[in-house]
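So this block is structure-v1.cif, mmCIF, C-alpha atoms and all ligand atoms:
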data_my_file
loop_
_atom_site.label_atom_id
_atom_site.label_comp_id
_atom_site.auth_asym_id
_atom_site.auth_seq_id
_atom_site.Cartn_x
_atom_site.Cartn_y
_atom_site.Cartn_z
CA MET H 668 -57.46 -200.92 -97.74
CA VAL H 669 -55.81 -199.19 -94.80
CA HIS H 670 -55.42 -195.50 -95.27
CA PRO H 671 -51.74 -194.73 -95.92
CA LEU H 672 -51.88 -191.88 -93.44
CA GLY H 673 -53.30 -194.12 -90.73
CA GLY H 674 -56.88 -192.96 -90.88
CA GLY H 675 -58.63 -196.32 -91.20
CA GLU H 676 -60.58 -197.61 -94.15
CA SER H 677 -61.98 -194.48 -95.68
CA TRP H 678 -60.18 -192.33 -98.21
CA PRO H 679 -60.86 -188.60 -98.02
CA PRO H 680 -61.85 -186.63 -101.09
CA LEU H 681 -58.77 -185.55 -102.93
CA CYS H 682 -59.68 -181.91 -102.57
CA HIS H 683 -59.16 -182.29 -98.82
CA LEU H 684 -55.87 -184.13 -99.13
CA ALA H 685 -53.73 -181.06 -98.90
CA THR H 686 -55.40 -180.02 -95.66
CA PHE H 687 -54.97 -183.54 -94.39
CA PHE H 688 -51.28 -183.48 -95.17
CA LEU H 689 -50.81 -180.22 -93.34
CA ARG H 690 -51.94 -181.81 -90.06
CA GLY H 691 -48.52 -182.75 -88.83
CA VAL H 692 -47.62 -185.11 -91.63
CA PRO H 693 -44.04 -184.36 -92.72
CA PHE H 694 -44.76 -183.07 -96.21
CA THR H 695 -43.00 -180.03 -97.53
CA GLN H 696 -45.14 -177.05 -98.38
CA SER H 697 -44.08 -177.32 -102.00
CA ALA H 698 -45.18 -180.96 -102.13
CA VAL H 699 -48.61 -179.92 -100.91
CA ALA H 700 -48.64 -177.15 -103.50
CA LEU H 701 -47.97 -179.71 -106.22
CA ILE H 702 -50.90 -181.82 -105.03
CA ILE H 703 -53.17 -178.78 -104.98
CA LEU H 704 -51.98 -177.95 -108.47
CA SER H 705 -52.72 -181.51 -109.57
CA VAL H 706 -56.20 -181.40 -108.13
CA LYS H 707 -56.97 -178.09 -109.76
CA GLN H 708 -55.79 -179.28 -113.12
CA ARG H 709 -57.21 -182.77 -112.85
CA THR H 710 -53.99 -184.00 -114.35
CA CYS H 711 -52.67 -185.96 -111.41
CA SER H 712 -49.12 -185.02 -112.11
CA VAL H 713 -47.97 -186.59 -108.86
CA GLU H 714 -44.79 -188.04 -110.19
CA HIS H 715 -41.93 -186.59 -108.30
CA SER H 716 -40.26 -186.45 -104.89
CA SER H 717 -40.69 -188.43 -101.72
CA TYR H 718 -44.39 -189.17 -101.80
CA GLU H 719 -44.13 -190.97 -105.15
CA THR H 720 -43.28 -194.36 -103.72
CA GLU H 721 -45.41 -194.28 -100.60
CA PHE H 722 -48.57 -192.56 -101.71
CA SER H 723 -48.68 -192.67 -105.44
CA TRP H 724 -51.12 -195.53 -105.82
CA PRO H 725 -54.06 -194.16 -103.79
CA ILE H 726 -53.59 -190.65 -105.12
CA LYS H 727 -53.49 -191.89 -108.68
CA GLN H 728 -56.39 -194.25 -108.07
CA HIS H 729 -58.52 -191.39 -106.79
CA CYS H 730 -57.28 -189.05 -109.49
CA ASN H 731 -58.31 -191.52 -112.14
CA SER H 732 -61.85 -191.50 -110.86
CA LEU H 733 -61.82 -187.72 -111.17
CA ILE H 734 -60.20 -187.63 -114.58
CA LYS H 735 -62.67 -189.92 -116.28
CA PRO H 736 -65.75 -187.76 -115.72
CA VAL H 737 -63.79 -184.71 -116.80
CA LEU H 738 -62.68 -186.38 -119.99
CA SER H 739 -66.13 -187.73 -120.72
CA ALA H 740 -67.39 -184.17 -120.30
CA SER H 741 -65.43 -183.42 -123.45
CA LYS H 742 -68.60 -184.40 -125.29
CA CYS H 743 -68.90 -180.66 -124.97
CA LYS H 744 -72.18 -179.70 -123.42
CA VAL H 745 -70.61 -176.32 -122.84
CA LYS H 746 -69.03 -174.37 -125.65
CA GLY H 747 -67.58 -170.96 -126.17
CA CYS H 748 -65.04 -169.06 -128.18
CA ASP H 749 -62.51 -169.74 -125.43
CA CYS H 750 -62.29 -170.86 -121.80
CA THR H 751 -62.70 -167.33 -120.48
CA GLU H 752 -66.12 -167.13 -122.12
CA ILE H 753 -67.12 -170.62 -120.95
CA PHE H 754 -66.52 -169.83 -117.28
CA ALA H 755 -68.00 -166.34 -117.55
CA GLU H 756 -71.24 -167.79 -118.94
CA ASN H 757 -71.22 -170.95 -116.81
CA PRO H 758 -70.01 -170.05 -113.31
CA ASN H 759 -70.56 -173.61 -112.07
CA ALA H 760 -68.40 -175.19 -114.78
CA GLU H 761 -65.21 -176.85 -113.52
CA SER H 762 -61.70 -177.02 -114.94
CA GLY H 763 -61.43 -179.69 -117.60
CA VAL H 764 -61.49 -180.46 -121.30
CA TYR H 765 -63.90 -178.39 -123.40
CA LEU H 766 -64.58 -177.78 -127.04
CA ILE H 767 -64.09 -174.16 -128.13
CA LYS H 768 -64.43 -172.32 -131.39
CA PRO H 769 -62.68 -168.97 -131.75
CA GLU H 770 -64.23 -166.86 -134.48
CA LYS H 771 -61.41 -167.33 -136.98
CA VAL H 772 -61.41 -171.14 -137.12
CA ALA H 773 -63.77 -173.29 -139.18
CA LYS H 774 -64.01 -176.20 -136.77
CA PRO H 775 -64.12 -176.32 -132.97
CA PHE H 776 -61.21 -177.94 -131.15
CA LYS H 777 -60.55 -179.34 -127.68
CA VAL H 778 -58.63 -177.42 -125.06
CA PHE H 779 -58.00 -177.74 -121.35
CA CYS H 780 -59.76 -174.92 -119.50
CA GLU H 781 -58.41 -173.85 -116.14
CA LYS H 782 -60.76 -172.08 -113.76
CA ARG H 783 -58.89 -169.57 -111.64
CA GLU H 784 -60.13 -166.91 -109.24
CA ASP H 785 -59.49 -164.27 -111.88
CA GLY H 786 -61.38 -166.11 -114.62
CA GLY H 787 -60.99 -168.87 -117.18
CA TRP H 788 -57.70 -169.60 -118.88
CA THR H 789 -57.14 -171.58 -122.07
CA ILE H 790 -53.99 -173.70 -121.81
CA PHE H 791 -51.95 -173.96 -124.99
CA GLN H 792 -48.86 -175.75 -123.75
CA ARG H 793 -48.32 -178.05 -120.79
CA ARG H 794 -45.04 -179.73 -119.89
CA ARG H 795 -45.20 -182.42 -117.23
CA GLY H 796 -43.32 -185.33 -118.73
CA LYS H 797 -46.31 -187.60 -119.21
CA GLY H 798 -48.66 -187.76 -122.12
CA GLU H 799 -51.84 -189.76 -122.45
CA ASN H 800 -49.90 -193.02 -122.56
CA GLY H 801 -47.77 -192.15 -119.53
CA GLN H 802 -44.71 -191.43 -121.66
CA PRO H 803 -43.17 -188.00 -122.34
CA VAL H 804 -44.49 -186.20 -125.40
CA ASN H 805 -41.82 -185.57 -128.02
CA PHE H 806 -41.31 -181.83 -128.62
CA MET H 807 -38.48 -182.37 -131.16
CA ARG H 808 -40.61 -181.58 -134.18
CA VAL H 809 -40.64 -179.84 -137.51
CA TRP H 810 -42.54 -176.69 -138.53
CA ASP H 811 -45.57 -178.51 -139.93
CA SER H 812 -45.93 -180.46 -136.71
CA TYR H 813 -45.82 -177.33 -134.50
CA LYS H 814 -48.62 -175.87 -136.63
CA GLN H 815 -50.89 -178.63 -135.35
CA ARG H 816 -51.75 -179.96 -131.94
CA PHE H 817 -49.68 -182.79 -130.52
CA GLY H 818 -50.19 -184.66 -127.25
CA HIS H 819 -53.55 -184.82 -125.46
CA VAL H 820 -54.92 -181.58 -124.00
CA ALA H 821 -55.60 -183.23 -120.64
CA TYR H 822 -51.95 -184.23 -120.33
CA GLU H 823 -48.68 -182.98 -121.81
CA HIS H 824 -49.40 -181.19 -125.08
CA TRP H 825 -48.95 -178.34 -127.54
CA LEU H 826 -52.15 -176.83 -128.92
CA GLY H 827 -50.72 -175.86 -132.32
CA LEU H 828 -49.67 -172.50 -133.75
CA ASP H 829 -52.77 -172.03 -135.92
CA CYS H 830 -55.09 -172.55 -132.94
CA ILE H 831 -52.96 -170.28 -130.72
CA ASN H 832 -53.11 -167.62 -133.43
CA ALA H 833 -56.91 -167.92 -133.64
CA LEU H 834 -57.25 -167.79 -129.85
CA SER H 835 -55.00 -164.79 -129.38
CA GLN H 836 -56.47 -162.70 -132.20
CA GLN H 837 -60.22 -162.86 -131.62
CA PRO H 838 -62.05 -159.80 -132.94
CA GLY H 839 -62.86 -157.32 -130.18
CA LYS H 840 -60.84 -159.17 -127.56
CA VAL H 841 -57.44 -158.72 -125.97
CA CYS H 842 -55.58 -161.65 -124.41
CA GLN H 843 -53.25 -161.91 -121.47
CA LEU H 844 -50.54 -164.55 -121.24
CA ARG H 845 -49.77 -166.39 -118.03
CA VAL H 846 -46.91 -168.84 -117.49
CA ASP H 847 -46.98 -171.15 -114.46
CA MET H 848 -43.83 -173.05 -113.62
CA MET H 849 -42.42 -175.44 -111.06
CA SER H 850 -38.70 -175.89 -110.63
CA CYS H 851 -36.89 -179.14 -110.07
CA LYS H 852 -36.89 -178.22 -106.38
CA GLU H 853 -40.71 -177.89 -106.54
CA GLU H 854 -40.66 -174.12 -106.15
CA LEU H 855 -43.60 -172.41 -107.85
CA ALA H 856 -43.38 -169.32 -110.02
CA TYR H 857 -45.53 -167.38 -112.46
CA VAL H 858 -45.22 -164.56 -114.94
CA LEU H 859 -47.94 -162.51 -116.59
CA TYR H 860 -48.06 -160.34 -119.72
CA ASP H 861 -50.99 -157.96 -119.95
CA THR H 862 -51.30 -158.43 -123.72
CA PHE H 863 -50.35 -161.35 -125.93
CA LYS H 864 -50.90 -162.40 -129.51
CA ILE H 865 -49.15 -164.36 -132.21
CA GLY H 866 -49.39 -163.77 -135.94
CA ASN H 867 -50.51 -166.25 -138.58
CA GLU H 868 -48.24 -168.46 -140.65
CA SER H 869 -47.53 -165.79 -143.27
CA GLU H 870 -46.32 -163.66 -140.35
CA LEU H 871 -44.19 -166.58 -139.15
CA TYR H 872 -46.29 -166.72 -135.97
CA GLN H 873 -44.58 -163.60 -134.63
CA ILE H 874 -45.11 -163.16 -130.89
CA SER H 875 -46.17 -159.80 -129.36
CA LEU H 876 -46.11 -159.28 -125.60
CA GLY H 877 -47.29 -156.44 -123.38
CA ASN H 878 -46.24 -155.34 -119.94
CA PHE H 879 -44.64 -157.91 -117.66
CA THR H 880 -45.31 -158.82 -114.03
CA GLY H 881 -44.16 -161.89 -112.17
CA ASN H 882 -41.72 -163.24 -109.62
CA VAL H 883 -38.96 -164.78 -111.74
CA GLY H 884 -38.10 -162.18 -114.37
CA ASP H 885 -39.06 -161.57 -117.98
CA ALA H 886 -37.22 -164.33 -119.84
CA PHE H 887 -39.09 -163.62 -123.08
CA ARG H 888 -37.35 -160.26 -123.26
CA GLY H 889 -34.20 -161.56 -121.60
CA THR H 890 -31.52 -159.52 -120.00
CA GLU H 891 -29.39 -158.83 -123.03
CA GLU H 892 -30.36 -156.71 -125.99
CA PHE H 893 -29.77 -159.40 -128.60
CA GLY H 894 -31.86 -162.00 -126.81
CA ASP H 895 -35.24 -160.25 -126.87
CA GLN H 896 -37.80 -162.80 -128.10
CA ASN H 897 -40.69 -160.32 -128.01
CA GLY H 898 -41.65 -159.44 -131.57
CA HIS H 899 -39.75 -162.42 -132.92
CA ASN H 900 -40.81 -165.21 -135.28
CA PHE H 901 -41.21 -168.89 -134.56
CA THR H 902 -38.30 -171.22 -135.33
CA THR H 903 -38.07 -174.99 -135.70
CA TYR H 904 -35.06 -177.01 -136.74
CA ASP H 905 -36.32 -177.08 -140.33
CA ARG H 906 -37.37 -173.38 -140.40
CA ASP H 907 -34.71 -171.00 -139.16
CA ASN H 908 -36.20 -167.62 -138.22
CA ASP H 909 -33.99 -166.95 -135.22
CA GLY H 910 -32.50 -163.77 -136.64
CA CYS H 911 -28.85 -164.76 -136.65
CA ASN H 912 -26.49 -166.69 -138.86
CA VAL H 913 -24.18 -167.17 -135.93
CA CYS H 914 -25.93 -166.88 -132.58
CA ILE H 915 -23.71 -166.49 -129.53
CA THR H 916 -25.43 -167.69 -126.37
CA GLY H 917 -23.75 -168.87 -123.19
CA GLY H 918 -20.38 -168.55 -124.84
CA HIS H 919 -21.29 -170.99 -127.63
CA ALA H 920 -22.02 -170.32 -131.29
CA TYR H 921 -25.18 -171.65 -132.92
CA THR H 922 -26.48 -171.45 -136.47
CA ASN H 923 -30.07 -172.51 -135.78
CA CYS H 924 -31.19 -172.18 -132.17
CA ALA H 925 -33.91 -174.83 -132.54
CA GLN H 926 -31.59 -177.35 -134.12
CA ASP H 927 -28.73 -176.73 -131.75
CA ILE H 928 -30.82 -176.41 -128.58
CA GLY H 929 -32.77 -179.62 -128.28
CA TYR H 930 -34.67 -179.52 -131.61
CA SER H 931 -37.52 -177.62 -129.96
CA GLY H 932 -39.86 -175.12 -131.58
CA TRP H 933 -39.89 -171.66 -130.01
CA TRP H 934 -39.72 -167.92 -130.65
CA PHE H 935 -35.93 -167.97 -130.58
CA SER H 936 -34.03 -164.73 -131.01
CA HIS H 937 -30.24 -165.03 -130.93
CA CYS H 938 -31.32 -167.54 -129.16
CA GLY H 939 -32.81 -165.81 -126.10
CA MET H 940 -33.50 -166.79 -122.50
CA ALA H 941 -36.80 -168.71 -122.62
CA ASN H 942 -37.57 -172.12 -124.06
CA LEU H 943 -40.45 -174.14 -122.63
CA SER H 944 -40.35 -176.60 -125.54
CA GLY H 945 -37.04 -178.18 -124.57
CA GLU H 946 -36.33 -181.60 -123.18
CA ARG H 947 -37.19 -182.24 -119.54
CA HIS H 948 -34.19 -183.49 -117.60
CA MET H 949 -35.52 -185.07 -114.43
CA LYS H 950 -32.67 -187.33 -113.41
CA GLU H 951 -30.67 -186.41 -110.30
CA THR H 952 -30.03 -182.67 -110.39
CA CYS H 953 -32.20 -181.85 -113.45
CA GLN H 954 -29.25 -180.22 -115.19
CA GLY H 955 -30.15 -179.67 -118.81
CA TRP H 956 -28.46 -176.39 -119.64
CA LEU H 957 -29.74 -175.03 -122.93
CA SER H 958 -31.33 -178.30 -124.02
CA GLY H 959 -33.76 -178.27 -121.08
CA VAL H 960 -37.13 -176.66 -120.37
CA TYR H 961 -35.96 -173.35 -118.97
CA TRP H 962 -37.00 -169.86 -117.98
CA GLY H 963 -33.58 -168.29 -118.12
CA THR H 964 -34.16 -165.30 -115.87
CA TRP H 965 -35.04 -167.81 -113.16
CA ASP H 966 -32.71 -170.72 -113.92
CA TRP H 967 -31.45 -171.98 -117.23
CA ILE H 968 -29.16 -174.66 -115.91
CA HIS H 969 -31.85 -176.85 -114.35
CA SER H 970 -34.84 -178.06 -116.32
CA LEU H 971 -38.30 -177.20 -115.05
CA LEU H 972 -40.44 -179.96 -113.57
CA PHE H 973 -43.66 -178.45 -114.85
CA SER H 974 -44.81 -175.52 -116.97
CA GLU H 975 -47.96 -174.21 -118.60
CA LEU H 976 -48.64 -171.43 -121.11
CA LYS H 977 -52.21 -170.12 -121.02
CA VAL H 978 -54.30 -167.18 -122.22
CA LYS H 979 -57.27 -165.26 -120.83
CA CYS H 980 -59.11 -163.20 -123.43
CA THR H 981 -61.58 -160.45 -122.57
CA SER H 982 -63.49 -157.80 -124.47
CA ARG H 983 -61.60 -154.61 -125.19
CA CA C 1001 -30.08 -168.88 -137.70
#

What does the file become when written as structure tokens?
Amino acid sequence: MVHPLGGGESWPPLCHLATFFLRGVPFTQSAVALIILSVKQRTCSVEHSSYETEFSWPIKQHCNSLIKPVLSASKCKVKGCDCTEIFAENPNAESGVYLIKPEKVAKPFKVFCEKREDGGWTIFQRRRGKGENGQPVNFMRVWDSYKQRFGHVAYEHWLGLDCINALSQQPGKVCQLRVDMMSCKEELAYVLYDTFKIGNESELYQISLGNFTGNVGDAFRGTEEFGDQNGHNFTTYDRDNDGCNVCITGGHAYTNCAQDIGYSGWWFSHCGMANLSGERHMKETCQGWLSGVYWGTWDWIHSLLFSELKVKCTSR
């Protein structure tokens, strides 16, 4: 097969693709960033923008060959309480699916571990519009569903509130929260909280966040006093813990933020400015308003193309 970039028969390793693209081929920097992101996460989320039609088949073909060994590695030769521990104890381990067992849970469970320069991160939510079967994962779910994992950890998924609770409250450890996002225009952003934990079910999975850094604002805390989601409980459309009987957001009145804003489960607070469990709106301009996947201090009109919530937990 002729190389789509004109390089003859051979196909370069995917990890060199980005460099290859930078050699005069008219790709935007953000498109290259998406490819790098895809390679790092082994998720092959090449699904958007101009290179979809022309280059999608070879990229996906090569990605598939990378994904399979990663998934088969989920037989779990390497284990730990979380991804941070796995990479600390196994410096040669690569990003991929691993089995972990935080101290508080009875049985180990699969997660996607991301290896970054600053350590290992355990991903507990990924939005990319494609699940294991290539179709979007439905995030319009009830309380009992959000307690459990849904989707496949190598693709679009939610890890489940009980597992997130166990991860974030490991004895002797403190966790950071990182959110990586890509806008509809393929701009990248991140935010970081230096501490993060959520309570158990009897505590309604209350979220607690530490100090914020990042380049697109602290949407969890919002910009208005009544929209602060930090310290708030989890809400689904069948369990209203959003703290208001009539919530006024964006000039509209809501009774249950989850029910009225896309049926998504989140730590709504009157309803607040963050919701990464909404519905992705990828057609044309990505306009989703409050029903979309949004980080409101960045943009809450246009749905995000991609987002991930992840934790890194280290000894106190
Ligand atoms: Ca309410």

For the contact check between chain H and ligand CA 1001 (chain C), emit one row per residue of chain H within 10 Å, containing the shortest atom pair and the distance in Å rounded to one decimal, counting only C-alpha atoms and all ligand atoms, chain then rising number order, as JSON lines.
{"residue": "H:Thr902", "atom": "CA", "partner": "C:CA1001", "partner_atom": "CA", "distance": 8.9}
{"residue": "H:Tyr904", "atom": "CA", "partner": "C:CA1001", "partner_atom": "CA", "distance": 9.6}
{"residue": "H:Arg906", "atom": "CA", "partner": "C:CA1001", "partner_atom": "CA", "distance": 9.0}
{"residue": "H:Asp907", "atom": "CA", "partner": "C:CA1001", "partner_atom": "CA", "distance": 5.3}
{"residue": "H:Asn908", "atom": "CA", "partner": "C:CA1001", "partner_atom": "CA", "distance": 6.3}
{"residue": "H:Asp909", "atom": "CA", "partner": "C:CA1001", "partner_atom": "CA", "distance": 5.0}
{"residue": "H:Gly910", "atom": "CA", "partner": "C:CA1001", "partner_atom": "CA", "distance": 5.8}
{"residue": "H:Cys911", "atom": "CA", "partner": "C:CA1001", "partner_atom": "CA", "distance": 4.4}
{"residue": "H:Asn912", "atom": "CA", "partner": "C:CA1001", "partner_atom": "CA", "distance": 4.4}
{"residue": "H:Val913", "atom": "CA", "partner": "C:CA1001", "partner_atom": "CA", "distance": 6.4}
{"residue": "H:Cys914", "atom": "CA", "partner": "C:CA1001", "partner_atom": "CA", "distance": 6.9}
{"residue": "H:Tyr921", "atom": "CA", "partner": "C:CA1001", "partner_atom": "CA", "distance": 7.4}
{"residue": "H:Thr922", "atom": "CA", "partner": "C:CA1001", "partner_atom": "CA", "distance": 4.6}
{"residue": "H:Asn923", "atom": "CA", "partner": "C:CA1001", "partner_atom": "CA", "distance": 4.1}
{"residue": "H:Cys924", "atom": "CA", "partner": "C:CA1001", "partner_atom": "CA", "distance": 6.5}
{"residue": "H:Ala925", "atom": "CA", "partner": "C:CA1001", "partner_atom": "CA", "distance": 8.8}
{"residue": "H:Gln926", "atom": "CA", "partner": "C:CA1001", "partner_atom": "CA", "distance": 9.3}
{"residue": "H:Asp927", "atom": "CA", "partner": "C:CA1001", "partner_atom": "CA", "distance": 9.9}
{"residue": "H:Phe935", "atom": "CA", "partner": "C:CA1001", "partner_atom": "CA", "distance": 9.3}
{"residue": "H:Ser936", "atom": "CA", "partner": "C:CA1001", "partner_atom": "CA", "distance": 8.8}
{"residue": "H:His937", "atom": "CA", "partner": "C:CA1001", "partner_atom": "CA", "distance": 7.8}
{"residue": "H:Cys938", "atom": "CA", "partner": "C:CA1001", "partner_atom": "CA", "distance": 8.7}

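For the residues H:Thr751, H:Gly866, H:Gln954, H:Met949, ranking by smallest atom-to-atom distance to Asp785 of chain H using only C-alpha atoms places H:Thr751 first.
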
Q. So how many Å separate atom CA of Phe879 of chain H and atom CA of Glu781 of chain H, to one decimal?
A.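 Distance between the two atoms: 21.1 Å.
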
**Q.** Given all atoms listed in the file as the counted atoms, nearest of H:Leu834, H:Ile865, H:Val804, H:Leu976 to Ile767 of chain H
**A.**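 Smallest separation from Ile767 of chain H among the options: H:Leu834.
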
Q: Go through H:Glu756, H:Thr880, H:Asn867, H:Trp934 and flag the residue nearest Asn897 of chain H, using all atoms listed in the file for the distances.
A: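 Result for the nearest residue to Asn897 of chain H: H:Trp934.
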
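For the residues H:Gln843, H:Thr952, H:Gln802, H:Asn757, ranking by smallest atom-to-atom distance to Thr981 of chain H using only C-alpha atoms places H:Gln843 first.
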
Q) What is the atom CA of Val960 of chain H-atom CA of Val858 of chain H distance in Å, reported with one decimal? A) 15.5 Å

Q. What is the distance, in Å and to one decimal place, between atom CA of Phe779 of chain H and atom CA of Tyr765 of chain H?
A.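 Atom-to-atom, atom CA of Phe779 of chain H and atom CA of Tyr765 of chain H are spaced 6.3 Å apart.
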
Q.
For a quick check of understanding, using all atoms listed in the file, which of H:Ile968, H:Val764, H:Ala821, H:Cys842 has the smallest distance to Gly877 of chain H?
A.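 Among the listed residues, the smallest separation from Gly877 of chain H belongs to H:Cys842.
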
Non-local contacts of Leu828 of chain H (12 Å; all atoms listed in the file; under 5 positions in same chain excluded) as a tab-separated table (two decimals) with C-alpha atoms, in the coordinates of the input:
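Okay, part_21.tsv is ready:
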chain	number	residue	atom	x	y	z
H	791	PHE	CA	-51.95	-173.96	-124.99
H	792	GLN	CA	-48.86	-175.75	-123.75
H	810	TRP	CA	-42.54	-176.69	-138.53
H	811	ASP	CA	-45.57	-178.51	-139.93
H	812	SER	CA	-45.93	-180.46	-136.71
H	813	TYR	CA	-45.82	-177.33	-134.50
H	814	LYS	CA	-48.62	-175.87	-136.63
H	815	GLN	CA	-50.89	-178.63	-135.35
H	816	ARG	CA	-51.75	-179.96	-131.94
H	817	PHE	CA	-49.68	-182.79	-130.52
H	833	ALA	CA	-56.91	-167.92	-133.64
H	834	LEU	CA	-57.25	-167.79	-129.85
H	835	SER	CA	-55.00	-164.79	-129.38
H	864	LYS	CA	-50.90	-162.40	-129.51
H	865	ILE	CA	-49.15	-164.36	-132.21
H	866	GLY	CA	-49.39	-163.77	-135.94
H	867	ASN	CA	-50.51	-166.25	-138.58
H	868	GLU	CA	-48.24	-168.46	-140.65
H	869	SER	CA	-47.53	-165.79	-143.27
H	870	GLU	CA	-46.32	-163.66	-140.35
H	871	LEU	CA	-44.19	-166.58	-139.15
H	872	TYR	CA	-46.29	-166.72	-135.97
H	873	GLN	CA	-44.58	-163.60	-134.63
H	874	ILE	CA	-45.11	-163.16	-130.89
H	900	ASN	CA	-40.81	-165.21	-135.28
H	901	PHE	CA	-41.21	-168.89	-134.56
H	902	THR	CA	-38.30	-171.22	-135.33
H	932	GLY	CA	-39.86	-175.12	-131.58
H	933	TRP	CA	-39.89	-171.66	-130.01
H	934	TRP	CA	-39.72	-167.92	-130.65

Q | Ref. answer, residues at most 8 Å from (-31.4, -176.7, -115.8) with all atoms listed in the file, as a ChimeraX atom specification | A | /H:948,953-957,959-961,966-971

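Closest approach to Asn759 of chain H among H:Glu975, H:Tyr930, H:Thr964, H:Lys782 is made by H:Lys782 (distances from only C-alpha atoms).
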